[in-house]
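Novice: This is protein_3.cif, which holds mmCIF, C-alpha atoms:
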data_run
loop_
_atom_site.group_PDB
_atom_site.id
_atom_site.type_symbol
_atom_site.label_atom_id
_atom_site.label_comp_id
_atom_site.auth_asym_id
_atom_site.auth_seq_id
_atom_site.Cartn_x
_atom_site.Cartn_y
_atom_site.Cartn_z
ATOM 1 C CA MET F 1 117.590 80.658 51.353
ATOM 2 C CA LYS F 2 114.719 78.291 51.820
ATOM 3 C CA ALA F 3 113.334 77.360 55.227
ATOM 4 C CA ARG F 4 114.853 73.894 55.099
ATOM 5 C CA GLN F 5 118.274 75.335 54.310
ATOM 6 C CA LEU F 6 118.068 77.823 57.188
ATOM 7 C CA THR F 7 117.535 75.036 59.687
ATOM 8 C CA LEU F 8 120.932 73.609 58.730
ATOM 9 C CA LEU F 9 122.618 76.675 60.229
ATOM 10 C CA ASP F 10 122.973 77.146 63.943
ATOM 11 C CA GLU F 11 121.502 80.263 65.545
ATOM 12 C CA GLN F 12 124.820 82.109 65.822
ATOM 13 C CA CYS F 13 125.581 81.691 62.098
ATOM 14 C CA LEU F 14 122.068 82.752 61.210
ATOM 15 C CA GLU F 15 122.352 85.917 63.323
ATOM 16 C CA GLU F 16 125.719 86.762 61.742
ATOM 17 C CA LEU F 17 124.266 86.356 58.258
ATOM 18 C CA GLN F 18 121.334 88.609 59.080
ATOM 19 C CA GLN F 19 123.530 91.345 60.596
ATOM 20 C CA ALA F 20 126.041 91.473 57.733
ATOM 21 C CA LYS F 21 125.351 93.464 54.593
ATOM 22 C CA TYR F 22 127.213 94.539 51.484
ATOM 23 C CA VAL F 23 128.305 98.178 51.411
ATOM 24 C CA VAL F 24 130.202 100.250 48.858
ATOM 25 C CA ILE F 25 133.379 101.884 50.127
ATOM 26 C CA LEU F 26 136.154 104.067 48.735
ATOM 27 C CA VAL F 27 139.627 102.531 48.946
ATOM 28 C CA LYS F 28 143.165 103.520 48.020
ATOM 29 C CA GLU F 29 145.546 100.897 46.700
ATOM 30 C CA LEU F 30 148.618 99.961 48.741
ATOM 31 C CA LYS F 31 151.619 99.329 46.466
ATOM 32 C CA ASN F 32 155.178 98.826 47.737
ATOM 33 C CA ASN F 33 154.076 99.968 51.218
ATOM 34 C CA LEU F 34 152.884 103.295 49.768
ATOM 35 C CA VAL F 35 149.259 104.401 49.669
ATOM 36 C CA GLN F 36 148.365 105.497 46.136
ATOM 37 C CA PRO F 37 146.492 108.820 45.729
ATOM 38 C CA THR F 38 143.751 107.518 43.423
ATOM 39 C CA LYS F 39 140.554 106.245 45.021
ATOM 40 C CA LYS F 40 138.562 103.269 43.748
ATOM 41 C CA GLN F 41 135.135 101.951 44.588
ATOM 42 C CA ALA F 42 134.921 98.552 46.221
ATOM 43 C CA PHE F 43 132.255 96.524 47.966
ATOM 44 C CA VAL F 44 132.622 94.476 51.104
ATOM 45 C CA CYS F 45 130.355 92.497 53.413
ATOM 46 C CA LEU F 46 130.423 94.109 56.873
ATOM 47 C CA LYS F 47 128.553 93.675 60.114
ATOM 48 C CA SER F 48 126.695 96.678 61.457
ATOM 49 C CA SER F 49 129.272 96.980 64.265
ATOM 50 C CA GLU F 50 132.199 97.112 61.773
ATOM 51 C CA MET F 51 131.130 100.052 59.610
ATOM 52 C CA LYS F 52 134.311 102.026 60.356
ATOM 53 C CA VAL F 53 136.556 101.557 57.328
ATOM 54 C CA LYS F 54 138.943 104.526 57.492
ATOM 55 C CA GLY F 55 142.496 103.220 57.927
ATOM 56 C CA GLU F 56 141.417 99.574 57.782
ATOM 57 C CA LEU F 57 143.159 97.102 55.472
ATOM 58 C CA PHE F 58 141.289 95.198 52.781
ATOM 59 C CA ASP F 59 142.408 92.475 50.394
ATOM 60 C CA ASP F 60 141.027 91.382 47.032
ATOM 61 C CA CYS F 61 141.088 87.921 45.489
ATOM 62 C CA LEU F 62 144.380 88.689 43.686
ATOM 63 C CA GLY F 63 146.226 89.510 46.915
ATOM 64 C CA ASP F 64 146.371 93.270 46.392
ATOM 65 C CA HIS F 65 145.996 95.368 49.528
ATOM 66 C CA TYR F 66 143.755 98.422 49.879
ATOM 67 C CA VAL F 67 143.263 101.020 52.607
ATOM 68 C CA GLY F 68 139.689 102.049 53.375
ATOM 69 C CA CYS F 69 138.675 105.708 53.099
ATOM 70 C CA LYS F 70 134.931 105.950 53.727
ATOM 71 C CA VAL F 71 131.580 104.221 53.295
ATOM 72 C CA LEU F 72 129.425 105.429 50.390
ATOM 73 C CA ASN F 73 125.891 105.315 51.755
ATOM 74 C CA GLY F 74 123.905 106.311 48.666
ATOM 75 C CA ILE F 75 125.252 103.648 46.301
ATOM 76 C CA HIS F 76 124.130 100.009 46.210
ATOM 77 C CA TYR F 77 126.858 97.470 45.420
ATOM 78 C CA SER F 78 125.013 96.099 42.379
ATOM 79 C CA GLU F 79 124.597 99.495 40.670
ATOM 80 C CA ALA F 80 128.121 99.957 39.304
ATOM 81 C CA GLY F 81 130.096 97.393 37.373
ATOM 82 C CA ASN F 82 133.599 98.657 38.124
ATOM 83 C CA GLN F 83 133.642 97.951 41.856
ATOM 84 C CA ILE F 84 136.256 95.644 43.334
ATOM 85 C CA PRO F 85 135.129 92.889 45.724
ATOM 86 C CA VAL F 86 137.336 93.105 48.825
ATOM 87 C CA PHE F 87 137.605 91.349 52.180
ATOM 88 C CA LYS F 88 138.431 92.992 55.489
ATOM 89 C CA LEU F 89 141.744 92.013 57.074
ATOM 90 C CA PRO F 90 142.141 91.775 60.860
ATOM 91 C CA ASN F 91 144.763 94.521 61.179
ATOM 92 C CA ASN F 92 144.746 98.190 60.212
ATOM 93 C CA ILE F 93 147.264 100.237 58.224
ATOM 94 C CA GLN F 94 149.274 101.286 61.303
ATOM 95 C CA ASP F 95 149.832 97.662 62.371
ATOM 96 C CA TYR F 96 150.711 96.613 58.825
ATOM 97 C CA LEU F 97 153.275 99.391 58.334
ATOM 98 C CA THR F 98 154.741 98.792 61.797
ATOM 99 C CA ASN F 99 155.350 95.154 60.883
ATOM 100 C CA GLN F 100 156.902 96.183 57.569
ATOM 101 C CA LEU F 101 159.180 98.832 59.131
ATOM 102 C CA THR F 102 160.364 96.916 62.218
ATOM 103 C CA PRO F 103 163.282 95.149 60.424
ATOM 104 C CA ILE F 104 164.405 98.439 58.852
ATOM 105 C CA ILE F 105 164.297 100.295 62.173
ATOM 106 C CA SER F 106 166.232 97.548 63.953
ATOM 107 C CA LEU F 107 168.878 97.514 61.183
ATOM 108 C CA LEU F 108 169.310 101.304 61.422
ATOM 109 C CA ASP F 109 169.531 101.066 65.203
ATOM 110 C CA GLN F 110 172.187 98.342 64.944
ATOM 111 C CA LYS F 111 174.230 100.410 62.461
ATOM 112 C CA ARG F 112 173.966 103.451 64.765
ATOM 113 C CA ARG F 113 175.182 101.432 67.759
ATOM 114 C CA ASN F 114 178.071 99.949 65.741
ATOM 115 C CA TYR F 115 179.061 103.394 64.426
ATOM 116 C CA TYR F 116 179.366 104.900 67.890
ATOM 117 C CA ALA F 117 181.064 101.795 69.286
ATOM 118 C CA ASN F 118 184.116 102.304 67.038
#
Can I see the file as structure tokens?
Specialist:
Amino acid sequence: MKARQLTLLDEQCLEELQQAKYVVILVKELKNNLVQPTKKQAFVCLKSSEMKVKGELFDDCLGDHYVGCKVLNGIHYSEAGNQIPVFKLPNNIQDYLTNQLTPIISLLDQKRRNYYAN
């Protein structure tokens, strides 16, 4: 960015832009609430305080979900052409699966209570 363009940003936005960088990570795809065994390379823009990706949820532009495995330190995001651009979601895999399983658990609990009530 040019100097004139940088002055349009406030100091907080400028600091956030300077702290964030693109990193290459390994992810596993999440299909039908199941984590797939195959790993893929993806790149994401992270702050230096958010470098933990294991168990974190990521999303691509098509709406597919991925679970982070680890950060690949030796690879730059522009070196490989088969990397998926992903965005970090606010919750992790445990929170996501808990939200998905809560209706099923409550239904099983209701059926158990009704079974023993008869």
Novice: Can you translate the PyMOL selection byres ((chain F and resi 86) around 9) into the concrete residues it hits in this file, as a ChimeraX atom specification?
Specialist: /F:42-45,58-61,65-66,84-85,87-88
Novice: Select, from F:Val23, F:Val35, F:Lys70, F:Leu107, the residue with the minimum atom-to-atom distance to Lys47 (chain F), counting only C-alpha atoms.
Specialist: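 Between F:Val23, F:Val35, F:Lys70, F:Leu107, the residue approaching Lys47 (chain F) most closely is F:Val23.
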Novice: What separation in Å, quoted to one decimal, exists between CA of Pro37 (chain F) and CA of Val67 (chain F)?
Specialist: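 Result for CA of Pro37 (chain F) versus CA of Val67 (chain F): 10.9 Å, one decimal.
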Novice: Find, counting all atoms listed in the file, the residue in F:Leu30, F:Ile25, F:Ala20, F:Leu57 that gets nearest to Gly74 (chain F).
Specialist: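 Closest to Gly74 (chain F) of all the choices is F:Ile25.
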Novice: Rounded to one decimal place, report the CA of Glu50 (chain F)-CA of Lys28 (chain F) distance in Å.
Specialist: 18.7 Å
Novice: Could you pull the residues within 12 Å of region 98-104 of chain F, counting only C-alpha atoms, minus those fewer than 6 positions along the same chain, as a list of chain:residue names?
Specialist: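 That gives F:Asn32, F:Asn33, F:Leu34, F:Asn91, F:Asn92, F:Gln110, F:Lys111.
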Novice: Interatomic distance between CA of Asp95 (chain F) and CA of Lys31 (chain F)?
Specialist: 16.1 Å
Novice: Excluding Gly55 (chain F) and any residue of its chain fewer than 3 positions from it, enumerate the residues within 9 Å of it, using only C-alpha atoms, and give them as a short mmCIF file (atom, residue, chain, number, x, y, z; two decimals) with C-alpha atoms, keeping the file's coordinate frame.
Specialist:
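In the end it all went to selection-v3.cif:
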data_model
loop_
_atom_site.label_atom_id
_atom_site.label_comp_id
_atom_site.auth_asym_id
_atom_site.auth_seq_id
_atom_site.Cartn_x
_atom_site.Cartn_y
_atom_site.Cartn_z
CA LYS F 52 134.31 102.03 60.36
CA VAL F 67 143.26 101.02 52.61
CA GLY F 68 139.69 102.05 53.38
CA CYS F 69 138.68 105.71 53.10
CA ASN F 92 144.75 98.19 60.21
CA ILE F 93 147.26 100.24 58.22
CA GLN F 94 149.27 101.29 61.30
#
Novice: Take the PyMOL selection byres ((chain F and resi 71) around 7), apply it to the structure above, and return the hits as a list in words.
Specialist: Val24, Ile25, Leu26, Val53, Lys70, Leu72 and Asn73 of chain F
